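Listing of structure14.txt, compact mmCIF, C-alpha atoms
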```
# COMPACT_ATOMS: atom_id res chain seq x y z
CA MET A 1 -19.65 12.82 -22.83
CA THR A 2 -17.58 14.59 -20.20
CA ASN A 3 -14.66 13.54 -18.08
CA ARG A 4 -15.27 13.69 -14.34
CA GLN A 5 -12.18 14.39 -12.29
CA ILE A 6 -11.47 15.09 -8.63
CA VAL A 7 -9.24 18.08 -8.00
CA VAL A 8 -7.33 19.01 -4.86
CA ASP A 9 -9.19 22.16 -3.81
CA ALA A 10 -6.86 23.02 -0.91
CA LEU A 11 -3.87 21.32 0.67
CA PRO A 12 -4.66 19.90 4.12
CA LYS A 13 -2.95 21.06 7.29
CA GLY A 14 -3.68 18.17 9.59
CA THR A 15 -6.80 16.04 9.18
CA LEU A 16 -7.99 15.39 5.64
CA THR A 17 -11.67 16.15 4.95
CA PRO A 18 -13.93 15.95 1.88
CA ASP A 19 -13.71 19.77 1.64
CA HIS A 20 -10.13 19.44 0.48
CA PHE A 21 -11.40 18.07 -2.85
CA ARG A 22 -13.88 19.12 -5.53
CA LEU A 23 -15.50 17.22 -8.38
CA GLU A 24 -15.16 18.87 -11.79
CA SER A 25 -16.15 18.07 -15.37
CA ALA A 26 -13.77 18.49 -18.26
CA ALA A 27 -13.52 17.43 -21.88
CA ILE A 28 -12.29 13.91 -22.58
CA PRO A 29 -8.65 14.35 -23.59
CA VAL A 30 -7.44 13.50 -27.08
CA PRO A 31 -4.26 11.38 -27.21
CA GLN A 32 -1.36 12.98 -29.02
CA ASP A 33 1.33 11.11 -30.93
CA GLY A 34 2.88 8.50 -28.64
CA GLU A 35 0.03 8.70 -26.11
CA VAL A 36 -2.87 6.48 -25.14
CA LEU A 37 -6.35 7.41 -23.97
CA LEU A 38 -7.27 5.32 -20.94
CA ARG A 39 -10.62 4.62 -19.31
CA THR A 40 -10.21 4.14 -15.57
CA ILE A 41 -11.53 0.88 -14.16
CA LEU A 42 -9.97 0.69 -10.69
CA MET A 43 -8.03 3.29 -8.68
CA SER A 44 -5.69 2.29 -5.87
CA ILE A 45 -6.34 3.99 -2.52
CA ASP A 46 -3.24 4.04 -0.33
CA ALA A 47 -2.02 5.84 2.78
CA ALA A 48 0.81 7.20 0.65
CA ASN A 49 -1.78 9.31 -1.21
CA ARG A 50 -2.11 11.40 1.96
CA GLY A 51 1.66 11.72 2.24
CA TRP A 52 1.85 13.17 -1.28
CA LEU A 53 -0.30 16.08 -0.12
CA ASN A 54 2.35 17.11 2.41
CA GLY A 55 4.98 17.99 -0.19
CA ALA A 56 7.55 16.38 -2.44
CA THR A 57 8.47 12.80 -1.53
CA TYR A 58 9.70 10.19 -4.00
CA ARG A 59 7.37 11.97 -6.41
CA ALA A 60 6.67 15.63 -7.14
CA ALA A 61 4.51 17.55 -4.69
CA VAL A 62 0.77 17.66 -5.28
CA ASN A 63 -0.49 21.24 -5.45
CA ALA A 64 -3.88 22.84 -5.03
CA GLY A 65 -5.64 22.72 -8.39
CA ASP A 66 -4.04 19.43 -9.42
CA VAL A 67 -6.16 16.42 -10.25
CA MET A 68 -5.41 13.95 -7.46
CA PRO A 69 -2.79 11.41 -8.58
CA THR A 70 -3.18 7.68 -8.15
CA TYR A 71 -2.22 4.31 -9.61
CA SER A 72 -4.92 2.80 -11.80
CA ILE A 73 -5.94 -0.25 -13.77
CA CYS A 74 -7.40 0.98 -17.06
CA GLU A 75 -8.64 -0.02 -20.49
CA VAL A 76 -7.05 1.49 -23.57
CA VAL A 77 -9.79 3.34 -25.46
CA GLU A 78 -7.67 4.90 -28.18
CA SER A 79 -3.99 4.50 -28.97
CA ALA A 80 -1.61 6.79 -30.81
CA SER A 81 1.25 4.40 -30.07
CA PRO A 82 2.16 1.11 -31.75
CA ARG A 83 2.76 -0.40 -28.31
CA PHE A 84 -0.94 -0.63 -27.39
CA ALA A 85 -4.29 -1.33 -29.00
CA ALA A 86 -7.82 -0.47 -28.00
CA GLY A 87 -9.08 -2.99 -25.45
CA ASP A 88 -5.72 -3.64 -23.77
CA ILE A 89 -5.83 -3.75 -19.97
CA VAL A 90 -2.99 -1.70 -18.52
CA ALA A 91 -1.62 -0.23 -15.31
CA ALA A 92 -0.49 3.38 -15.13
CA GLU A 93 0.32 6.26 -12.82
CA SER A 94 -2.85 8.22 -13.40
CA VAL A 95 -5.29 10.56 -11.66
CA TRP A 96 -8.74 10.47 -10.06
CA ALA A 97 -10.67 10.76 -13.31
CA ASP A 98 -12.84 8.80 -15.73
CA TYR A 99 -10.35 9.25 -18.58
CA VAL A 100 -6.72 10.26 -18.92
CA ALA A 101 -4.32 10.63 -21.85
CA ILE A 102 -0.70 9.85 -21.00
CA PRO A 103 2.51 8.85 -22.81
CA ALA A 104 2.57 5.17 -23.71
CA ARG A 105 6.05 4.78 -22.24
CA GLY A 106 4.53 5.15 -18.76
CA VAL A 107 1.94 2.42 -19.28
CA GLN A 108 2.32 -1.31 -18.54
CA LYS A 109 0.23 -3.99 -20.21
CA MET A 110 -1.31 -6.38 -17.71
CA PRO A 111 -1.60 -10.17 -17.99
CA PRO A 112 -5.06 -11.77 -18.24
CA VAL A 113 -6.02 -11.97 -14.56
CA GLN A 114 -9.50 -12.41 -13.13
CA PRO A 115 -10.84 -10.70 -11.22
CA LEU A 116 -9.15 -7.46 -12.27
CA THR A 117 -9.12 -6.33 -8.63
CA HIS A 118 -6.27 -8.80 -8.02
CA LEU A 119 -4.07 -6.58 -10.22
CA HIS A 120 -4.29 -3.94 -7.46
CA SER A 121 -4.10 -6.27 -4.49
CA VAL A 122 -2.14 -9.49 -4.37
CA TYR A 123 -0.54 -9.14 -7.83
CA GLY A 124 -0.34 -5.35 -7.71
CA ILE A 125 1.29 -2.71 -5.54
CA ALA A 126 0.13 -4.28 -2.27
CA GLY A 127 1.44 -7.79 -2.93
CA LYS A 128 4.64 -6.61 -4.59
CA THR A 129 5.36 -4.16 -1.77
CA ALA A 130 4.96 -6.95 0.77
CA PHE A 131 7.10 -9.38 -1.23
CA HIS A 132 9.97 -7.05 -2.08
CA GLY A 133 10.06 -5.35 1.31
CA LEU A 134 10.03 -8.56 3.31
CA LEU A 135 12.34 -10.68 1.17
CA SER A 136 14.78 -8.11 -0.23
CA VAL A 137 14.97 -5.78 2.78
CA GLY A 138 13.87 -7.89 5.75
CA ARG A 139 15.54 -11.11 4.56
CA PRO A 140 13.78 -13.45 7.03
CA LEU A 141 14.89 -16.99 7.72
CA ALA A 142 12.62 -19.88 8.68
CA GLY A 143 12.10 -19.94 12.44
CA GLU A 144 12.60 -16.21 12.93
CA THR A 145 9.97 -13.90 14.39
CA ILE A 146 8.42 -11.24 12.15
CA VAL A 147 6.28 -8.39 13.49
CA VAL A 148 4.20 -6.30 11.10
CA SER A 149 2.17 -3.19 11.92
CA ALA A 150 -1.09 -2.27 10.14
CA ALA A 151 -1.43 -6.04 9.90
CA ALA A 152 -5.03 -5.95 8.65
CA GLY A 153 -4.16 -3.48 5.89
CA SER A 154 -3.41 -4.02 2.24
CA VAL A 155 0.35 -4.59 2.62
CA GLY A 156 0.59 -5.89 6.18
CA GLY A 157 -1.79 -8.77 5.58
CA TYR A 158 0.36 -10.08 2.73
CA VAL A 159 3.59 -9.57 4.67
CA GLY A 160 2.33 -11.84 7.42
CA GLN A 161 1.04 -14.53 5.08
CA ILE A 162 4.30 -14.55 3.13
CA GLY A 163 6.18 -14.82 6.41
CA LYS A 164 4.12 -17.85 7.40
CA ALA A 165 4.74 -19.42 3.98
CA LEU A 166 8.48 -19.00 4.62
CA GLY A 167 8.26 -20.82 7.96
CA CYS A 168 8.45 -17.83 10.30
CA ARG A 169 6.52 -16.96 13.43
CA VAL A 170 4.41 -13.89 12.61
CA VAL A 171 2.90 -11.39 15.04
CA GLY A 172 0.67 -8.57 13.85
CA ILE A 173 -0.17 -5.17 15.32
CA ALA A 174 -3.64 -3.83 14.51
CA GLY A 175 -6.30 -1.51 15.90
CA GLY A 176 -9.15 -3.06 17.86
CA PRO A 177 -10.20 -6.59 18.82
CA GLU A 178 -12.14 -7.20 15.59
CA LYS A 179 -9.12 -6.48 13.39
CA CYS A 180 -6.85 -8.53 15.64
CA ALA A 181 -9.26 -11.47 15.36
CA PHE A 182 -9.31 -11.08 11.56
CA VAL A 183 -5.50 -11.13 11.47
CA THR A 184 -5.24 -14.37 13.43
CA ASP A 185 -8.41 -16.20 12.36
CA GLN A 186 -8.51 -15.26 8.66
CA LEU A 187 -4.91 -14.40 7.75
CA GLY A 188 -3.31 -17.07 9.92
CA PHE A 189 -0.90 -14.95 11.99
CA ASP A 190 0.39 -16.63 15.16
CA ALA A 191 -0.72 -13.66 17.29
CA CYS A 192 -1.92 -10.08 16.98
CA VAL A 193 -1.76 -7.29 19.55
CA ASP A 194 -4.07 -4.29 19.78
CA TYR A 195 -2.09 -1.06 19.75
CA ARG A 196 -5.08 0.79 21.19
CA ALA A 197 -5.02 -1.28 24.38
CA GLU A 198 -2.94 -0.30 27.39
CA GLY A 199 0.53 -1.68 27.89
CA LEU A 200 1.57 -2.24 24.28
CA PHE A 201 5.18 -2.93 25.24
CA LYS A 202 4.28 -5.67 27.73
CA VAL A 203 1.71 -7.30 25.44
CA LEU A 204 4.05 -7.26 22.44
CA ARG A 205 6.91 -8.61 24.54
CA ALA A 206 4.69 -11.46 25.71
CA ALA A 207 3.74 -12.28 22.12
CA CYS A 208 7.41 -12.24 21.06
CA SER A 209 9.05 -14.19 23.83
CA ASP A 210 12.13 -14.83 21.68
CA GLY A 211 12.40 -11.21 20.58
CA ILE A 212 11.85 -9.76 17.11
CA ASP A 213 14.11 -10.53 14.17
CA VAL A 214 12.28 -8.60 11.44
CA TYR A 215 9.91 -5.67 11.93
CA PHE A 216 7.92 -4.51 8.90
CA ASP A 217 6.89 -0.95 9.76
CA ASN A 218 3.89 0.70 8.13
CA VAL A 219 3.10 3.27 10.82
CA GLY A 220 6.17 4.90 12.38
CA GLY A 221 5.87 6.93 15.59
CA GLU A 222 5.34 5.33 18.99
CA ILE A 223 4.73 1.83 17.63
CA LEU A 224 8.08 1.91 15.85
CA GLU A 225 9.74 3.11 19.04
CA THR A 226 8.14 0.32 21.09
CA THR A 227 9.11 -2.36 18.61
CA LEU A 228 12.73 -1.23 18.35
CA ASN A 229 13.14 -1.91 22.07
CA LEU A 230 12.19 -5.55 21.50
CA MET A 231 14.42 -6.24 18.51
CA ASN A 232 17.05 -8.95 18.67
CA GLU A 233 20.66 -8.20 17.84
CA ARG A 234 21.24 -7.98 14.09
CA GLY A 235 17.51 -7.44 13.58
CA ARG A 236 16.17 -5.85 10.41
CA VAL A 237 13.61 -3.04 10.31
CA VAL A 238 11.77 -2.61 7.01
CA CYS A 239 10.54 0.98 6.72
CA CYS A 240 7.57 0.93 4.35
CA GLY A 241 5.29 3.73 5.57
CA ALA A 242 4.42 6.06 8.43
CA ILE A 243 0.65 6.37 8.44
CA SER A 244 0.62 7.60 12.04
CA GLN A 245 2.55 10.69 10.96
CA TYR A 246 0.84 11.80 7.75
CA GLU A 247 -1.86 13.91 9.39
CA SER A 248 0.03 14.96 12.48
CA THR A 249 0.88 18.64 12.90
CA ASN A 250 3.51 17.63 15.46
CA PRO A 251 4.90 14.30 14.25
CA THR A 252 6.88 12.23 16.73
CA GLY A 253 9.53 9.69 16.01
CA PRO A 254 11.47 7.07 17.95
CA ARG A 255 13.33 8.70 20.84
CA ASN A 256 15.89 5.93 21.02
CA LEU A 257 17.67 6.58 17.74
CA PRO A 258 20.44 6.12 16.88
CA GLY A 259 21.44 4.57 20.20
CA ILE A 260 19.42 1.37 20.02
CA VAL A 261 20.43 0.80 16.39
CA VAL A 262 24.08 0.93 17.43
CA VAL A 263 23.74 -1.16 20.59
CA LYS A 264 21.74 -3.91 18.88
CA ARG A 265 23.48 -3.52 15.52
CA LEU A 266 20.15 -3.15 13.78
CA ARG A 267 19.66 -2.43 10.11
CA MET A 268 16.87 0.00 9.20
CA GLU A 269 16.14 0.45 5.52
CA GLY A 270 13.42 2.29 3.67
CA PHE A 271 12.25 1.29 0.24
CA ILE A 272 9.79 2.08 -2.54
CA VAL A 273 8.24 -0.81 -4.41
CA MET A 274 9.58 0.51 -7.74
CA ASP A 275 13.13 -0.03 -6.45
CA PHE A 276 12.67 -3.74 -7.10
CA ALA A 277 10.80 -3.62 -10.40
CA HIS A 278 13.52 -5.78 -11.93
CA ASP A 279 12.30 -8.61 -9.68
CA ASP A 280 8.56 -8.18 -10.36
CA ALA A 281 8.37 -11.34 -12.46
CA LYS A 282 9.90 -13.32 -9.60
CA ALA A 283 7.39 -11.79 -7.19
CA ALA A 284 4.48 -12.63 -9.48
CA ARG A 285 5.51 -16.28 -9.75
CA ALA A 286 5.84 -16.68 -6.00
CA LEU A 287 2.61 -14.85 -5.18
CA GLN A 288 0.66 -16.89 -7.74
CA ALA A 289 2.02 -20.12 -6.29
CA TRP A 290 1.10 -19.12 -2.73
CA VAL A 291 -2.40 -18.08 -3.78
CA GLN A 292 -2.97 -21.28 -5.73
CA ASN A 293 -1.87 -23.53 -2.86
CA GLY A 294 -3.89 -21.59 -0.30
CA GLN A 295 -1.00 -20.10 1.66
CA ILE A 296 -2.16 -16.58 0.73
CA LYS A 297 -5.79 -15.55 1.05
CA VAL A 298 -6.88 -12.46 -0.88
CA PHE A 299 -9.00 -9.84 0.88
CA GLU A 300 -10.13 -6.71 -0.98
CA ASP A 301 -12.13 -3.63 -0.06
CA VAL A 302 -13.78 -2.14 -3.15
CA VAL A 303 -15.60 1.22 -2.96
CA GLU A 304 -17.94 1.98 -5.85
CA GLY A 305 -17.87 5.32 -7.68
CA LEU A 306 -15.26 7.94 -8.56
CA GLU A 307 -17.12 10.53 -6.47
CA ASN A 308 -16.48 8.42 -3.36
CA ALA A 309 -12.68 8.45 -3.69
CA PRO A 310 -12.14 11.23 -1.09
CA ASP A 311 -14.23 9.39 1.51
CA ALA A 312 -12.45 6.14 0.63
CA LEU A 313 -9.06 7.71 1.35
CA ILE A 314 -10.26 9.40 4.54
CA GLY A 315 -11.76 6.14 5.76
CA LEU A 316 -8.54 4.27 5.06
CA LEU A 317 -6.59 6.82 7.11
CA ASN A 318 -9.04 6.17 9.94
CA GLY A 319 -8.50 2.42 9.64
CA ASP A 320 -11.94 1.36 8.45
CA ASN A 321 -10.66 -0.94 5.69
CA THR A 322 -9.76 -4.61 5.81
CA GLY A 323 -7.50 -5.66 2.96
CA LYS A 324 -6.55 -3.70 -0.13
CA ARG A 325 -8.78 -0.66 -0.71
CA MET A 326 -9.58 0.53 -4.21
CA VAL A 327 -12.29 2.53 -6.00
CA ARG A 328 -14.18 1.08 -8.95
CA VAL A 329 -14.72 3.88 -11.46
CA GLY A 330 -15.98 1.98 -14.48
CA PRO A 331 -17.07 -1.53 -15.39
CA ASP A 332 -14.71 -4.28 -16.46
CA PRO A 333 -14.56 -4.65 -20.27
```
Will you turn the file into structure tokens for me?
Amino acid sequence: MTNRQIVVDALPKGTLTPDHFRLESAAIPVPQDGEVLLRTILMSIDAANRGWLNGATYRAAVNAGDVMPTYSICEVVESASPRFAAGDIVAAESVWADYVAIPARGVQKMPPVQPLTHLHSVYGIAGKTAFHGLLSVGRPLAGETIVVSAAAGSVGGYVGQIGKALGCRVVGIAGGPEKCAFVTDQLGFDACVDYRAEGLFKVLRAACSDGIDVYFDNVGGEILETTLNLMNERGRVVCCGAISQYESTNPTGPRNLPGIVVVKRLRMEGFIVMDFAHDDAKAARALQAWVQNGQIKVFEDVVEGLENAPDALIGLLNGDNTGKRMVRVGPDP
């Protein structure tokens, strides 16, 4: 048996293409003392993956020749640590590969959840990012208006549904009439505006007649600029991502900073989901309750096959996913 892995062949300058990656075969690693050998089941595909290719962020830069990093749900195949046993289902910062050997201290045992895909979506990074960002950073109150960009995406869809569960008015921003219809008809948002249509400012203002109290930003750029102009005084802007900027060779940002933040006394705060790991148990309880009572619907976008990971990421950057995207590498145990 060999270990397939996808390596970054060259760092992109602008648009990501399949040519930036190559598929290689290597020996299956042998776990050393304190390590575990993991078989990859599901790999998370996120816009942040593209950001990592631009240089150091909250993690070390990805270089040409590196196996592409990711976050994975795995099965323990062999353990050289007393913390885990063969057959355990775990989550780990991993790479695009069939197998990986990593220190046990960086591995987290997962609860018995079915289907396993939920450990990447509603109970995984997507759901926890939405929960922590909205509640701990956005701090919405019932009756307030929340706007969320990339509303049909893995995080935005949960942000809106959590907002509705909290008694807020929720307006999404998405690309195209089909996605906007999905956001309102399936996810239950009060309204959704198409950022590709003309007159975004006027359409968004009409959808938010009482202004915006909380904006959950996944895109940055012109949409962030437009939304800032509609914020109410003491509004909160949750900075989660900037997908509109990751592939731009000439990134643009809001032209009205810091002036509008001062005039409206806004609070803008960026966060990484790991910042709130101490509250993960609280998030899990709330998310499970909302799923069980039907206030959160789970939508997932599963691509089959390790070899399709580059196309899965490229497609996500082009907005062709609805819900949390992931790649299934191997079968469930």
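Distance-wise, CA of Gly241 in chain A and CA of Ala47 in chain A end up 8.1 Å apart.
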Env of Pro82 in chain A: 12 Å cut, atoms = all atoms listed in the file, seq-sep filter 2 positions within chain, self excluded. Answer as a PyMOL selection string. chain A and resi 33-36+78-80+84-86+103-105
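Using only C-alpha atoms, the residues found no farther than 9 Å from range 288-303 of chain A, other than those of its own chain fewer than 5 positions away, are Leu42, Thr117, His118, Ser121, Val122, Tyr123, Ser154, Gly157, Tyr158, Gln161, Ile162, Lys164, Ala165, Gln186, Leu187, Ala283, Asn308, Ala309, Ala312, Asn321, Thr322, Gly323, Lys324, Arg325, Met326, Val327, Arg328 and Val329 of chain A.
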Practice item. Pick out the residues sitting within 7 Å of Ala191 in chain A, and hand them over as a VMD selection string; count only C-alpha atoms, and ignore anything fewer than 2 positions along from it in its own chain. Key: chain A and resid 170 to 172 184 189 193 207
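Going from CA of Ser209 in chain A over to CA of Ile146 in chain A, you cover 12.1 Å.
Within 7 Å of range 225-229 of chain A there are Phe201, Gly221, Glu222, Pro254 and Arg255 of chain A, counting only C-alpha atoms and ignoring same-chain residues fewer than 3 positions away.
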*Which neighbours of Val219 in chain A fall inside 12 Å, counting all atoms listed in the file, when residues of the same chain fewer than 4 positions from it are skipped, and could you give them as a VMD selection string?*
chain A and resid 47 to 48 148 to 151 153 155 to 156 173 to 175 195 215 223 to 227 238 to 247 251 to 254 317 319
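The residue that comes closest to Val147 in chain A, out of A:Phe271, A:Tyr58, A:Phe216, A:Phe182 and on the basis of all atoms listed in the file, is A:Phe216.
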How close does each residue of range 157-236 of chain A get to range 130-142 of chain A, giving the shortest atom pair and distance in Å to one decimal for every residue with an atom at most 6 Å away, counting all atoms listed in the file, sorted by chain and residue number, as a tab-separated table?
```
residue	atom	partner	partner_atom	distance
A:Tyr158	CA	A:Ala130	CA	5.9
A:Val159	CA	A:Ala130	CA	4.9
A:Leu166	CA	A:Ala142	CA	5.9
A:Gly167	CA	A:Ala142	CA	4.5
A:Cys168	CA	A:Ala142	CA	4.9
A:Val214	CA	A:Gly138	CA	6.0
A:Arg236	CA	A:Gly138	CA	5.6
```
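Here CA of Trp52 in chain A stands at a distance of 15.2 Å from CA of Thr17 in chain A.
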Using all atoms listed in the file, the best pick from A:Met1, A:Pro333, A:Val8, A:Asp210 as closest to Ala61 in chain A would be A:Val8
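Remark: residues at most 12 Å from position (-13.8, 21.5, -1.0) in file coordinates are Ile6, Val7, Val8, Asp9, Ala10, Leu11, Pro12, Leu16, Thr17, Pro18, Asp19, His20, Phe21, Arg22, Leu23, Glu24, Ala64, Gly65 and Pro310 of chain A, using only C-alpha atoms.
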Of A:Thr145, A:Thr129, A:Gln5, A:Asn54, the one sitting nearest Thr70 in chain A when using all atoms listed in the file is A:Gln5
What are the closest atom pairs, with distances in Å to one decimal, for each residue of range 30-73 of chain A lying within 8 Å of range 89-95 of chain A, using only C-alpha atoms, rows by chain and rising residue number, as JSON lines?
```
{"residue": "A:Val67", "atom": "CA", "partner": "A:Val95", "partner_atom": "CA", "distance": 6.1}
{"residue": "A:Met68", "atom": "CA", "partner": "A:Val95", "partner_atom": "CA", "distance": 5.4}
{"residue": "A:Pro69", "atom": "CA", "partner": "A:Val95", "partner_atom": "CA", "distance": 4.1}
{"residue": "A:Thr70", "atom": "CA", "partner": "A:Val95", "partner_atom": "CA", "distance": 5.0}
{"residue": "A:Tyr71", "atom": "CA", "partner": "A:Glu93", "partner_atom": "CA", "distance": 4.5}
{"residue": "A:Ser72", "atom": "CA", "partner": "A:Ala92", "partner_atom": "CA", "distance": 5.6}
{"residue": "A:Ile73", "atom": "CA", "partner": "A:Ala91", "partner_atom": "CA", "distance": 4.6}
```
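Closest approach to Leu204 in chain A from the set A:Met43, A:Leu230, A:Ile125, A:Ala181 is made by A:Leu230, with distances taken over all atoms listed in the file.
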For range 263-272 of chain A, which lacks atoms in the input, supply all heavy atoms and format the output as a PDB file, keeping the file's coordinate frame.
```
ATOM      1  N   VAL A 263      23.575  -0.151  19.550  1.00  0.00           N
ATOM      2  CA  VAL A 263      23.740  -1.160  20.590  1.00  0.00           C
ATOM      3  C   VAL A 263      23.342  -2.551  20.089  1.00  0.00           C
ATOM      4  O   VAL A 263      24.034  -3.542  20.345  1.00  0.00           O
ATOM      5  CB  VAL A 263      22.926  -0.782  21.846  1.00  0.00           C
ATOM      6  CG1 VAL A 263      22.910  -1.928  22.851  1.00  0.00           C
ATOM      7  CG2 VAL A 263      23.502   0.474  22.484  1.00  0.00           C
ATOM      8  N   LYS A 264      22.235  -2.614  19.369  1.00  0.00           N
ATOM      9  CA  LYS A 264      21.740  -3.910  18.880  1.00  0.00           C
ATOM     10  C   LYS A 264      22.204  -4.230  17.465  1.00  0.00           C
ATOM     11  O   LYS A 264      21.849  -5.270  16.914  1.00  0.00           O
ATOM     12  CB  LYS A 264      20.210  -3.939  18.935  1.00  0.00           C
ATOM     13  CG  LYS A 264      19.656  -3.876  20.351  1.00  0.00           C
ATOM     14  CD  LYS A 264      18.180  -4.210  20.398  1.00  0.00           C
ATOM     15  CE  LYS A 264      17.674  -4.283  21.819  1.00  0.00           C
ATOM     16  NZ  LYS A 264      16.279  -4.767  21.913  1.00  0.00           N
ATOM     17  N   ARG A 265      22.977  -3.331  16.885  1.00  0.00           N
ATOM     18  CA  ARG A 265      23.480  -3.520  15.520  1.00  0.00           C
ATOM     19  C   ARG A 265      22.343  -3.808  14.548  1.00  0.00           C
ATOM     20  O   ARG A 265      22.367  -4.755  13.752  1.00  0.00           O
ATOM     21  CB  ARG A 265      24.527  -4.642  15.446  1.00  0.00           C
ATOM     22  CG  ARG A 265      25.902  -4.200  15.859  1.00  0.00           C
ATOM     23  CD  ARG A 265      26.073  -4.202  17.365  1.00  0.00           C
ATOM     24  NE  ARG A 265      26.525  -5.517  17.827  1.00  0.00           N
ATOM     25  CZ  ARG A 265      26.450  -5.914  19.096  1.00  0.00           C
ATOM     26  NH1 ARG A 265      25.925  -5.125  20.008  1.00  0.00           N
ATOM     27  NH2 ARG A 265      26.896  -7.102  19.439  1.00  0.00           N
ATOM     28  N   LEU A 266      21.321  -2.984  14.636  1.00  0.00           N
ATOM     29  CA  LEU A 266      20.150  -3.150  13.780  1.00  0.00           C
ATOM     30  C   LEU A 266      20.411  -2.566  12.404  1.00  0.00           C
ATOM     31  O   LEU A 266      21.235  -1.662  12.235  1.00  0.00           O
ATOM     32  CB  LEU A 266      18.932  -2.466  14.397  1.00  0.00           C
ATOM     33  CG  LEU A 266      18.532  -2.876  15.806  1.00  0.00           C
ATOM     34  CD1 LEU A 266      17.312  -2.069  16.272  1.00  0.00           C
ATOM     35  CD2 LEU A 266      18.231  -4.372  15.876  1.00  0.00           C
ATOM     36  N   ARG A 267      19.657  -3.041  11.438  1.00  0.00           N
ATOM     37  CA  ARG A 267      19.660  -2.430  10.110  1.00  0.00           C
ATOM     38  C   ARG A 267      18.264  -1.919   9.813  1.00  0.00           C
ATOM     39  O   ARG A 267      17.305  -2.689   9.800  1.00  0.00           O
ATOM     40  CB  ARG A 267      20.090  -3.444   9.036  1.00  0.00           C
ATOM     41  CG  ARG A 267      20.082  -2.855   7.620  1.00  0.00           C
ATOM     42  CD  ARG A 267      20.779  -3.779   6.636  1.00  0.00           C
ATOM     43  NE  ARG A 267      20.190  -5.112   6.615  1.00  0.00           N
ATOM     44  CZ  ARG A 267      19.089  -5.427   5.909  1.00  0.00           C
ATOM     45  NH1 ARG A 267      18.457  -4.492   5.217  1.00  0.00           N
ATOM     46  NH2 ARG A 267      18.621  -6.654   5.927  1.00  0.00           N
ATOM     47  N   MET A 268      18.127  -0.625   9.593  1.00  0.00           N
ATOM     48  CA  MET A 268      16.870   0.000   9.200  1.00  0.00           C
ATOM     49  C   MET A 268      17.003   0.479   7.769  1.00  0.00           C
ATOM     50  O   MET A 268      17.947   1.196   7.439  1.00  0.00           O
ATOM     51  CB  MET A 268      16.514   1.185  10.108  1.00  0.00           C
ATOM     52  CG  MET A 268      16.239   0.822  11.551  1.00  0.00           C
ATOM     53  SD  MET A 268      15.766   2.265  12.552  1.00  0.00           S
ATOM     54  CE  MET A 268      14.140   2.633  11.849  1.00  0.00           C
ATOM     55  N   GLU A 269      16.048   0.088   6.938  1.00  0.00           N
ATOM     56  CA  GLU A 269      16.140   0.450   5.520  1.00  0.00           C
ATOM     57  C   GLU A 269      14.754   0.779   4.984  1.00  0.00           C
ATOM     58  O   GLU A 269      13.816   0.008   5.160  1.00  0.00           O
ATOM     59  CB  GLU A 269      16.749  -0.689   4.718  1.00  0.00           C
ATOM     60  CG  GLU A 269      16.927  -0.378   3.235  1.00  0.00           C
ATOM     61  CD  GLU A 269      17.604  -1.516   2.482  1.00  0.00           C
ATOM     62  OE1 GLU A 269      18.199  -2.410   3.125  1.00  0.00           O
ATOM     63  OE2 GLU A 269      17.532  -1.513   1.236  1.00  0.00           O
ATOM     64  N   GLY A 270      14.651   1.925   4.348  1.00  0.00           N
ATOM     65  CA  GLY A 270      13.420   2.290   3.670  1.00  0.00           C
ATOM     66  C   GLY A 270      13.464   1.865   2.221  1.00  0.00           C
ATOM     67  O   GLY A 270      14.541   1.666   1.642  1.00  0.00           O
ATOM     68  N   PHE A 271      12.290   1.706   1.638  1.00  0.00           N
ATOM     69  CA  PHE A 271      12.250   1.290   0.240  1.00  0.00           C
ATOM     70  C   PHE A 271      10.954   1.771  -0.399  1.00  0.00           C
ATOM     71  O   PHE A 271       9.975   2.074   0.279  1.00  0.00           O
ATOM     72  CB  PHE A 271      12.354  -0.233   0.114  1.00  0.00           C
ATOM     73  CG  PHE A 271      11.067  -0.962   0.415  1.00  0.00           C
ATOM     74  CD1 PHE A 271      10.274  -1.453  -0.616  1.00  0.00           C
ATOM     75  CD2 PHE A 271      10.628  -1.129   1.715  1.00  0.00           C
ATOM     76  CE1 PHE A 271       9.076  -2.112  -0.349  1.00  0.00           C
ATOM     77  CE2 PHE A 271       9.436  -1.791   1.998  1.00  0.00           C
ATOM     78  CZ  PHE A 271       8.665  -2.279   0.961  1.00  0.00           C
ATOM     79  N   ILE A 272      10.966   1.840  -1.707  1.00  0.00           N
ATOM     80  CA  ILE A 272       9.790   2.080  -2.540  1.00  0.00           C
ATOM     81  C   ILE A 272       9.662   0.883  -3.466  1.00  0.00           C
ATOM     82  O   ILE A 272      10.664   0.357  -3.971  1.00  0.00           O
ATOM     83  CB  ILE A 272       9.949   3.383  -3.367  1.00  0.00           C
ATOM     84  CG1 ILE A 272      10.221   4.575  -2.449  1.00  0.00           C
ATOM     85  CG2 ILE A 272       8.693   3.627  -4.207  1.00  0.00           C
ATOM     86  CD1 ILE A 272       9.116   4.903  -1.473  1.00  0.00           C
TER      87      ILE A 272
END
```
